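Visitor: Got a file for you: structure.pdb, PDB, C-alpha atoms.
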```
ATOM      1  CA  MET M   1     106.931 119.052  46.601
ATOM      2  CA  ALA M   2     106.300 118.649  42.846
ATOM      3  CA  THR M   3     108.862 115.859  42.778
ATOM      4  CA  ASN M   4     107.081 114.033  45.575
ATOM      5  CA  ILE M   5     103.734 114.334  43.751
ATOM      6  CA  LEU M   6     105.230 112.899  40.549
ATOM      7  CA  GLN M   7     106.503 109.944  42.540
ATOM      8  CA  TYR M   8     102.853 109.078  43.273
ATOM      9  CA  VAL M   9     101.340 110.110  39.924
ATOM     10  CA  ARG M  10     103.522 107.852  37.777
ATOM     11  CA  PRO M  11     102.799 104.650  39.734
ATOM     12  CA  MET M  12      99.083 105.532  39.722
ATOM     13  CA  THR M  13      99.167 106.074  35.942
ATOM     14  CA  LEU M  14     100.865 102.732  35.436
ATOM     15  CA  LEU M  15      98.332 101.042  37.706
ATOM     16  CA  MET M  16      95.427 102.542  35.757
ATOM     17  CA  ALA M  17      97.007 101.457  32.475
ATOM     18  CA  ALA M  18      97.446  97.944  33.829
ATOM     19  CA  GLU M  19      93.782  97.862  34.876
ATOM     20  CA  VAL M  20      92.712  99.001  31.411
ATOM     21  CA  ILE M  21      94.856  96.301  29.802
ATOM     22  CA  CYS M  22      93.407  93.625  32.118
ATOM     23  CA  CYS M  23      89.899  94.835  31.327
ATOM     24  CA  ARG M  24      90.582  94.612  27.600
ATOM     25  CA  ILE M  25      92.000  91.105  28.009
ATOM     26  CA  HIS M  26      88.862  89.973  29.883
ATOM     27  CA  GLN M  27      86.641  91.511  27.207
ATOM     28  CA  ALA M  28      88.602  89.791  24.444
ATOM     29  CA  ALA M  29      88.398  86.453  26.275
ATOM     30  CA  ALA M  30      84.640  86.866  26.718
ATOM     31  CA  CYS M  31      84.219  87.654  23.010
ATOM     32  CA  SER M  32      86.301  84.606  22.082
ATOM     33  CA  ALA M  33      84.222  82.384  24.351
ATOM     34  CA  ARG M  34      80.976  83.669  22.812
ATOM     35  CA  ALA M  35      82.379  83.190  19.307
ATOM     36  CA  LEU M  36      83.436  79.625  20.147
ATOM     37  CA  GLU M  37      80.011  78.858  21.606
ATOM     38  CA  THR M  38      78.306  80.226  18.474
ATOM     39  CA  CYS M  39      80.660  78.217  16.259
ATOM     40  CA  ASN M  40      79.929  75.003  18.177
ATOM     41  CA  LYS M  41      76.194  75.663  17.992
ATOM     42  CA  ASN M  42      76.327  76.261  14.249
ATOM     43  CA  GLN M  43      78.408  73.101  13.792
ATOM     44  CA  LYS M  44      75.856  71.035  15.717
ATOM     45  CA  GLN M  45      73.010  72.462  13.633
ATOM     46  CA  LEU M  46      74.920  71.638  10.455
ATOM     47  CA  GLN M  47      75.499  68.059  11.640
ATOM     48  CA  LEU M  48      71.802  67.633  12.446
ATOM     49  CA  ARG M  49      70.824  68.963   9.019
ATOM     50  CA  ARG M  50      73.170  66.473   7.382
ATOM     51  CA  LEU M  51      71.790  63.631   9.488
ATOM     52  CA  SER M  52      68.157  64.530   8.836
ATOM     53  CA  ALA M  53      66.112  62.151   6.748
ATOM     54  CA  VAL M  54      66.072  62.755   3.015
ATOM     55  CA  PRO M  55      63.219  64.732   1.379
ATOM     56  CA  GLU M  56      60.001  63.128   0.236
ATOM     57  CA  GLY M  57      60.271  61.425  -3.126
ATOM     58  CA  SER M  58      64.031  60.927  -2.977
ATOM     59  CA  ASN M  59      65.254  57.359  -3.473
ATOM     60  CA  ALA M  60      68.873  57.857  -2.496
ATOM     61  CA  THR M  61      71.328  60.178  -0.832
ATOM     62  CA  THR M  62      75.093  60.469  -0.805
ATOM     63  CA  LEU M  63      76.996  58.938   2.076
ATOM     64  CA  GLN M  64      78.391  62.390   2.809
ATOM     65  CA  GLU M  65      74.855  63.716   3.361
ATOM     66  CA  THR M  66      74.007  60.964   5.809
ATOM     67  CA  SER M  67      77.224  61.864   7.664
ATOM     68  CA  PHE M  68      77.577  58.500   9.343
ATOM     69  CA  CYS M  69      80.610  59.521  11.404
ATOM     70  CA  GLN M  70      79.529  62.957  12.595
ATOM     71  CA  GLY M  71      76.523  61.870  14.627
ATOM     72  CA  ARG M  72      78.087  59.173  16.795
ATOM     73  CA  ARG M  73      78.139  61.160  20.032
ATOM     74  CA  ARG M  74      74.586  62.414  19.607
ATOM     75  CA  MET M  75      73.370  58.919  18.757
ATOM     76  CA  LYS M  76      74.238  57.762  22.270
ATOM     77  CA  SER M  77      71.910  60.325  23.926
ATOM     78  CA  GLN M  78      68.326  59.543  24.914
ATOM     79  CA  THR M  79      66.852  61.653  22.091
ATOM     80  CA  PHE M  80      67.893  61.605  18.461
ATOM     81  CA  VAL M  81      66.689  64.644  16.536
ATOM     82  CA  PHE M  82      66.062  64.675  12.793
ATOM     83  CA  ARG M  83      64.896  67.671  10.810
ATOM     84  CA  GLN M  84      61.220  66.655  10.803
ATOM     85  CA  PHE M  85      60.943  64.261  13.747
ATOM     86  CA  SER M  86      62.675  63.123  16.921
ATOM     87  CA  VAL M  87      63.189  59.669  18.416
ATOM     88  CA  GLN M  88      63.166  58.895  22.131
ATOM     89  CA  GLN M  89      65.273  55.795  22.857
ATOM     90  CA  ASP M  90      65.838  55.455  26.618
ATOM     91  CA  ARG M  91      63.794  52.222  26.770
ATOM     92  CA  CYS M  92      65.343  50.660  23.675
ATOM     93  CA  ALA M  93      68.347  48.378  24.049
ATOM     94  CA  MET M  94      69.770  49.410  20.680
ATOM     95  CA  LYS M  95      69.906  53.149  20.004
ATOM     96  CA  VAL M  96      69.621  54.934  16.670
ATOM     97  CA  GLY M  97      72.857  54.178  14.841
ATOM     98  CA  THR M  98      74.739  54.590  11.611
ATOM     99  CA  ASP M  99      73.194  51.488  10.019
ATOM    100  CA  ALA M 100      69.585  52.626  10.389
ATOM    101  CA  VAL M 101      70.295  56.148   9.110
ATOM    102  CA  LEU M 102      72.164  54.806   6.080
ATOM    103  CA  LEU M 103      69.488  52.244   5.228
ATOM    104  CA  GLY M 104      66.581  54.656   5.669
ATOM    105  CA  ALA M 105      68.176  57.160   3.316
ATOM    106  CA  TRP M 106      69.401  54.584   0.764
ATOM    107  CA  ALA M 107      66.429  52.225   0.395
ATOM    108  CA  GLY M 108      64.751  52.227  -3.013
ATOM    109  CA  ILE M 109      61.037  52.804  -2.454
ATOM    110  CA  PRO M 110      58.900  51.529  -5.373
ATOM    111  CA  PRO M 111      57.094  54.652  -6.593
ATOM    112  CA  GLU M 112      53.964  52.773  -7.657
ATOM    113  CA  GLY M 113      53.498  51.081  -4.255
ATOM    114  CA  ASN M 114      51.631  52.125  -1.112
ATOM    115  CA  LEU M 115      52.401  49.627   1.662
ATOM    116  CA  ALA M 116      55.703  48.968   3.494
ATOM    117  CA  LEU M 117      56.871  46.673   6.296
ATOM    118  CA  ASP M 118      59.687  47.411   8.745
ATOM    119  CA  ILE M 119      60.956  44.172  10.335
ATOM    120  CA  GLY M 120      62.509  44.758  13.769
ATOM    121  CA  THR M 121      61.681  48.449  13.945
ATOM    122  CA  GLY M 122      63.520  49.125  17.238
ATOM    123  CA  THR M 123      63.065  52.826  18.011
ATOM    124  CA  GLY M 124      60.848  53.248  14.943
ATOM    125  CA  VAL M 125      63.407  55.298  13.033
ATOM    126  CA  LEU M 126      63.142  53.317   9.779
ATOM    127  CA  CYS M 127      59.353  53.340   9.552
ATOM    128  CA  LEU M 128      59.407  57.100  10.225
ATOM    129  CA  MET M 129      61.991  57.686   7.490
ATOM    130  CA  VAL M 130      59.940  55.654   4.993
ATOM    131  CA  ALA M 131      56.770  57.567   5.899
ATOM    132  CA  GLN M 132      58.622  60.864   5.487
ATOM    133  CA  ARG M 133      60.053  59.941   2.092
ATOM    134  CA  ALA M 134      56.888  58.412   0.591
ATOM    135  CA  SER M 135      53.721  60.367   1.329
ATOM    136  CA  LYS M 136      51.306  57.795  -0.127
ATOM    137  CA  TYR M 137      52.764  54.837   1.798
ATOM    138  CA  ARG M 138      51.279  53.211   4.859
ATOM    139  CA  VAL M 139      53.860  51.426   7.030
ATOM    140  CA  HIS M 140      53.578  48.436   9.354
ATOM    141  CA  ALA M 141      56.419  48.139  11.866
ATOM    142  CA  VAL M 142      57.030  44.865  13.730
ATOM    143  CA  GLU M 143      59.024  44.672  16.981
ATOM    144  CA  ILE M 144      59.303  41.635  19.262
ATOM    145  CA  GLU M 145      60.724  43.356  22.373
ATOM    146  CA  PRO M 146      57.761  44.803  24.386
ATOM    147  CA  SER M 147      59.308  47.952  25.876
ATOM    148  CA  CYS M 148      60.934  48.807  22.579
ATOM    149  CA  ALA M 149      57.669  48.344  20.671
ATOM    150  CA  GLU M 150      55.928  50.609  23.186
ATOM    151  CA  GLN M 151      58.502  53.377  22.769
ATOM    152  CA  ALA M 152      58.486  53.033  18.972
ATOM    153  CA  ASN M 153      54.725  53.532  19.052
ATOM    154  CA  GLU M 154      55.156  56.654  21.206
ATOM    155  CA  ASN M 155      57.707  58.019  18.723
ATOM    156  CA  VAL M 156      55.251  57.408  15.892
ATOM    157  CA  LEU M 157      52.362  59.086  17.750
ATOM    158  CA  ARG M 158      54.487  62.224  18.253
ATOM    159  CA  SER M 159      55.256  62.422  14.531
ATOM    160  CA  LYS M 160      53.219  64.016  11.746
ATOM    161  CA  TRP M 161      52.762  60.611  10.056
ATOM    162  CA  SER M 162      51.042  58.772  12.925
ATOM    163  CA  ASP M 163      47.942  58.189  10.758
ATOM    164  CA  ARG M 164      50.033  56.159   8.281
ATOM    165  CA  ILE M 165      52.199  54.032  10.638
ATOM    166  CA  GLU M 166      51.161  51.076  12.806
ATOM    167  CA  VAL M 167      53.555  49.453  15.291
ATOM    168  CA  LYS M 168      52.927  45.772  16.013
ATOM    169  CA  GLY M 169      54.368  44.264  19.206
ATOM    170  CA  CYS M 170      55.059  40.731  17.970
ATOM    171  CA  SER M 171      57.609  38.606  16.142
ATOM    172  CA  ILE M 172      57.769  38.595  12.367
ATOM    173  CA  GLN M 173      57.107  34.843  12.499
ATOM    174  CA  SER M 174      53.785  35.536  14.227
ATOM    175  CA  TRP M 175      52.964  38.476  11.976
ATOM    176  CA  ARG M 176      53.549  36.587   8.725
ATOM    177  CA  THR M 177      51.196  33.829   9.903
ATOM    178  CA  ASN M 178      48.323  36.165  10.796
ATOM    179  CA  CYS M 179      48.856  38.922   8.228
ATOM    180  CA  ASN M 180      46.946  38.946   4.943
ATOM    181  CA  ALA M 181      48.835  41.902   3.451
ATOM    182  CA  GLN M 182      51.425  41.847   0.693
ATOM    183  CA  TYR M 183      54.059  44.595   0.772
ATOM    184  CA  ASP M 184      55.570  46.807  -1.923
ATOM    185  CA  LEU M 185      58.603  47.458   0.288
ATOM    186  CA  ILE M 186      60.136  45.430   3.100
ATOM    187  CA  ILE M 187      62.991  47.056   4.988
ATOM    188  CA  SER M 188      65.081  45.653   7.820
ATOM    189  CA  ASN M 189      68.143  46.406   9.928
ATOM    190  CA  PRO M 190      68.290  42.874  11.325
ATOM    191  CA  PRO M 191      70.338  41.274  14.104
ATOM    192  CA  TYR M 192      73.499  39.709  12.733
ATOM    193  CA  PHE M 193      75.736  38.656  15.637
ATOM    194  CA  LYS M 194      75.974  34.892  15.989
ATOM    195  CA  PRO M 195      74.786  33.638  19.411
ATOM    196  CA  LEU M 196      77.524  32.819  21.899
ATOM    197  CA  LEU M 197      77.523  29.150  22.874
ATOM    198  CA  ASN M 198      78.174  29.865  26.572
ATOM    199  CA  LYS M 199      75.146  32.179  26.882
ATOM    200  CA  GLU M 200      71.782  31.122  28.293
ATOM    201  CA  PRO M 201      68.900  30.852  25.820
ATOM    202  CA  ILE M 202      66.598  33.854  25.666
ATOM    203  CA  ASP M 203      62.978  34.544  24.851
ATOM    204  CA  ALA M 204      60.877  37.638  24.321
ATOM    205  CA  SER M 205      59.568  37.594  27.903
ATOM    206  CA  CYS M 206      63.144  37.847  29.262
ATOM    207  CA  GLY M 207      63.381  34.219  30.334
ATOM    208  CA  GLY M 208      64.522  35.031  33.866
ATOM    209  CA  LEU M 209      67.505  37.048  32.663
ATOM    210  CA  ASP M 210      68.162  40.719  33.289
ATOM    211  CA  PRO M 211      65.624  42.475  31.009
ATOM    212  CA  SER M 212      68.026  45.060  29.572
ATOM    213  CA  SER M 213      70.653  42.394  28.810
ATOM    214  CA  ASN M 214      68.008  40.136  27.286
ATOM    215  CA  ALA M 215      66.599  42.939  25.123
ATOM    216  CA  ARG M 216      70.038  43.839  23.818
ATOM    217  CA  ARG M 217      70.714  40.235  22.849
ATOM    218  CA  ILE M 218      67.362  40.042  21.038
ATOM    219  CA  ALA M 219      68.294  43.148  19.040
ATOM    220  CA  ARG M 220      71.890  42.077  18.281
ATOM    221  CA  GLU M 221      71.945  38.284  18.003
ATOM    222  CA  THR M 222      70.237  35.966  15.523
ATOM    223  CA  LEU M 223      68.716  33.773  18.232
ATOM    224  CA  LEU M 224      65.092  34.793  17.570
ATOM    225  CA  LEU M 225      65.490  35.936  13.971
ATOM    226  CA  SER M 226      68.038  34.115  11.836
ATOM    227  CA  HIS M 227      68.809  35.275   8.329
ATOM    228  CA  ALA M 228      67.005  32.225   6.962
ATOM    229  CA  GLU M 229      63.875  33.091   9.008
ATOM    230  CA  LEU M 230      64.040  36.684   7.819
ATOM    231  CA  LEU M 231      64.214  35.639   4.162
ATOM    232  CA  GLN M 232      61.364  33.153   4.590
ATOM    233  CA  SER M 233      59.241  35.984   5.964
ATOM    234  CA  VAL M 234      60.170  38.195   3.021
ATOM    235  CA  LYS M 235      59.264  35.387   0.614
ATOM    236  CA  MET M 236      55.798  35.128   2.163
ATOM    237  CA  LEU M 237      55.059  38.854   2.414
ATOM    238  CA  LEU M 238      56.758  40.621  -0.529
ATOM    239  CA  LYS M 239      54.743  41.445  -3.647
ATOM    240  CA  LYS M 240      56.003  40.203  -7.008
ATOM    241  CA  SER M 241      56.716  43.828  -7.932
ATOM    242  CA  GLY M 242      58.147  44.686  -4.508
ATOM    243  CA  ALA M 243      61.622  45.413  -3.127
ATOM    244  CA  PHE M 244      63.427  44.154  -0.024
ATOM    245  CA  CYS M 245      66.186  46.390   1.405
ATOM    246  CA  VAL M 246      68.603  45.366   4.147
ATOM    247  CA  ILE M 247      71.930  46.408   5.706
ATOM    248  CA  LEU M 248      74.486  43.820   6.876
ATOM    249  CA  PRO M 249      78.142  43.518   7.823
ATOM    250  CA  PHE M 250      80.243  43.373   4.660
ATOM    251  CA  ALA M 251      81.569  39.942   5.685
ATOM    252  CA  ASP M 252      78.008  38.502   5.794
ATOM    253  CA  ALA M 253      76.776  39.902   2.483
ATOM    254  CA  VAL M 254      77.834  37.029   0.211
ATOM    255  CA  SER M 255      76.302  34.286   2.384
ATOM    256  CA  PHE M 256      73.093  36.332   2.716
ATOM    257  CA  GLU M 257      72.859  36.752  -1.065
ATOM    258  CA  LEU M 258      73.224  32.985  -1.487
ATOM    259  CA  LEU M 259      70.412  32.359   1.023
ATOM    260  CA  ALA M 260      68.246  34.915  -0.757
ATOM    261  CA  ALA M 261      68.885  33.247  -4.112
ATOM    262  CA  LYS M 262      67.544  29.970  -2.693
ATOM    263  CA  GLU M 263      64.286  31.781  -1.912
ATOM    264  CA  GLY M 264      64.150  33.182  -5.447
ATOM    265  CA  LEU M 265      65.273  36.731  -4.616
ATOM    266  CA  LYS M 266      67.755  38.500  -6.901
ATOM    267  CA  VAL M 267      70.106  41.242  -5.760
ATOM    268  CA  VAL M 268      69.569  44.255  -8.031
ATOM    269  CA  ARG M 269      71.380  46.956  -6.086
ATOM    270  CA  ARG M 270      74.441  46.849  -3.831
ATOM    271  CA  THR M 271      76.352  49.611  -2.055
ATOM    272  CA  THR M 272      79.545  48.937  -0.119
ATOM    273  CA  VAL M 273      80.258  51.300   2.767
ATOM    274  CA  HIS M 274      83.753  52.314   3.911
ATOM    275  CA  GLY M 275      84.478  54.369   7.030
ATOM    276  CA  THR M 276      87.092  56.286   5.025
ATOM    277  CA  ILE M 277      88.570  55.853   1.561
ATOM    278  CA  LYS M 278      91.618  54.037   2.955
ATOM    279  CA  LYS M 279      89.696  51.674   5.269
ATOM    280  CA  ASP M 280      88.253  48.270   4.423
ATOM    281  CA  PRO M 281      84.477  48.080   3.828
ATOM    282  CA  PHE M 282      82.370  47.401   6.908
ATOM    283  CA  ARG M 283      78.731  47.412   5.678
ATOM    284  CA  SER M 284      76.788  46.291   2.625
ATOM    285  CA  LEU M 285      73.457  47.798   1.612
ATOM    286  CA  LEU M 286      71.454  45.318  -0.468
ATOM    287  CA  GLN M 287      68.220  45.552  -2.437
ATOM    288  CA  PHE M 288      66.466  42.387  -3.624
ATOM    289  CA  GLU M 289      63.600  41.900  -6.080
ATOM    290  CA  TRP M 290      61.882  38.913  -7.662
ATOM    291  CA  GLN M 291      62.784  39.901 -11.212
ATOM    292  CA  GLN M 292      66.399  39.932 -12.343
ATOM    293  CA  ARG M 293      67.709  43.209 -13.793
ATOM    294  CA  PRO M 294      71.184  44.717 -14.266
ATOM    295  CA  LEU M 295      72.982  45.099 -10.962
ATOM    296  CA  GLN M 296      73.566  48.667  -9.777
ATOM    297  CA  GLU M 297      76.733  48.633  -7.710
ATOM    298  CA  THR M 298      78.488  51.468  -5.871
TER     299      THR M 298
END
```
Here is a file; write its structure as structure tokens.

Guide:
Amino acid sequence: MATNILQYVRPMTLLMAAEVICCRIHQAAACSARALETCNKNQKQLQLRRLSAVPEGSNATTLQETSFCQGRRRMKSQTFVFRQFSVQQDRCAMKVGTDAVLLGAWAGIPPEGNLALDIGTGTGVLCLMVAQRASKYRVHAVEIEPSCAEQANENVLRSKWSDRIEVKGCSIQSWRTNCNAQYDLIISNPPYFKPLLNKEPIDASCGGLDPSSNARRIARETLLLSHAELLQSVKMLLKKSGAFCVILPFADAVSFELLAAKEGLKVVRRTTVHGTIKKDPFRSLLQFEWQQRPLQET
């Protein structure tokens, strides 16, 4: 009889042991999943902190701090979150990107000034970064594309600097004609793609084309704002003690500097941006002033 009972006890003991082992495995898997989730969350928070705009009063930041590679996936979402403000961008053809974040953090803001102009503000990210960095500055932001100008204004109104930023829904050509102000800082992330010859002409009212396609071309191509037009606007609006900061493809930097020299602007600061140490440069950050001084180059 005892032998028969043992025949049942041993299999039952093994079964219970197997159940305990399975339970422990499930618990370990659950703990690992929670740990991975926490790790991912902490990594995202770290990336956002690195991508946040630089503190007030700072005139530069390292390229590592701006973390231009880490935020690519988040940049494609409808909301881009900085430490002190967020940017909605679902109605803007061009989203917040590496170029704007780099330029906003890098631009040299004249400490004695109080008025800045953002040409082609897009989502409003640059004017917000300038307002964050320089507490005594007022900022005018010009945007030709209507829906984009509307959303930029909404982004500004949600920020803590809405009393110091004005978004103007017009072209810079129109603004320079009707504006009486002179600016201590002009900043721009301008269009730089050359227009394709087989494309229809565009205008700010969409010209019968698909609105989203038209808006993207306005933001990307130099059809409505050539580099020469941009520099003419800077010449008319920049104070003699002011600074003009811009970001361009590395391949376009030399020709842009030559155009600027014709308008009397001197490059005083230049930073070349590489994706990695081993890759060729892909962007140039340039600062121009009216007075020549030793070139700062990095």

Visitor: Provide the atom CA of Ala134 of chain M to atom CA of Glu263 of chain M distance in Å, to one decimal place.

Guide: 27.8 Å

Visitor: Which residue, M:Leu117, M:Leu258, M:Ala243, M:Leu230, has the smallest gap to Ala181 of chain M when you use all atoms listed in the file?

Guide: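 Result for the nearest residue to Ala181 of chain M: M:Leu117.
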
Visitor: How many Å separate atom CA of Ser241 of chain M from atom CA of Pro190 of chain M?

Guide: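 Between atom CA of Ser241 of chain M and atom CA of Pro190 of chain M the gap is 22.5 Å.
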
Visitor: Using Å and a single decimal, report how far atom CA of Lys235 of chain M sits from atom CA of Tyr137 of chain M.

Guide: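 About the pair atom CA of Tyr137 of chain M and atom CA of Lys235 of chain M: they are 20.5 Å apart.
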
Visitor: Taking (56.1, 46.4, 6.8) in the file's coordinates, which residues come within 12 Å, counting all atoms listed in the file, written as a ChimeraX atom specification?

Guide: /M:114-121,124,126-128,130-131,137-143,164-168,172,175-176,179-188,233-234,237-239,242-245
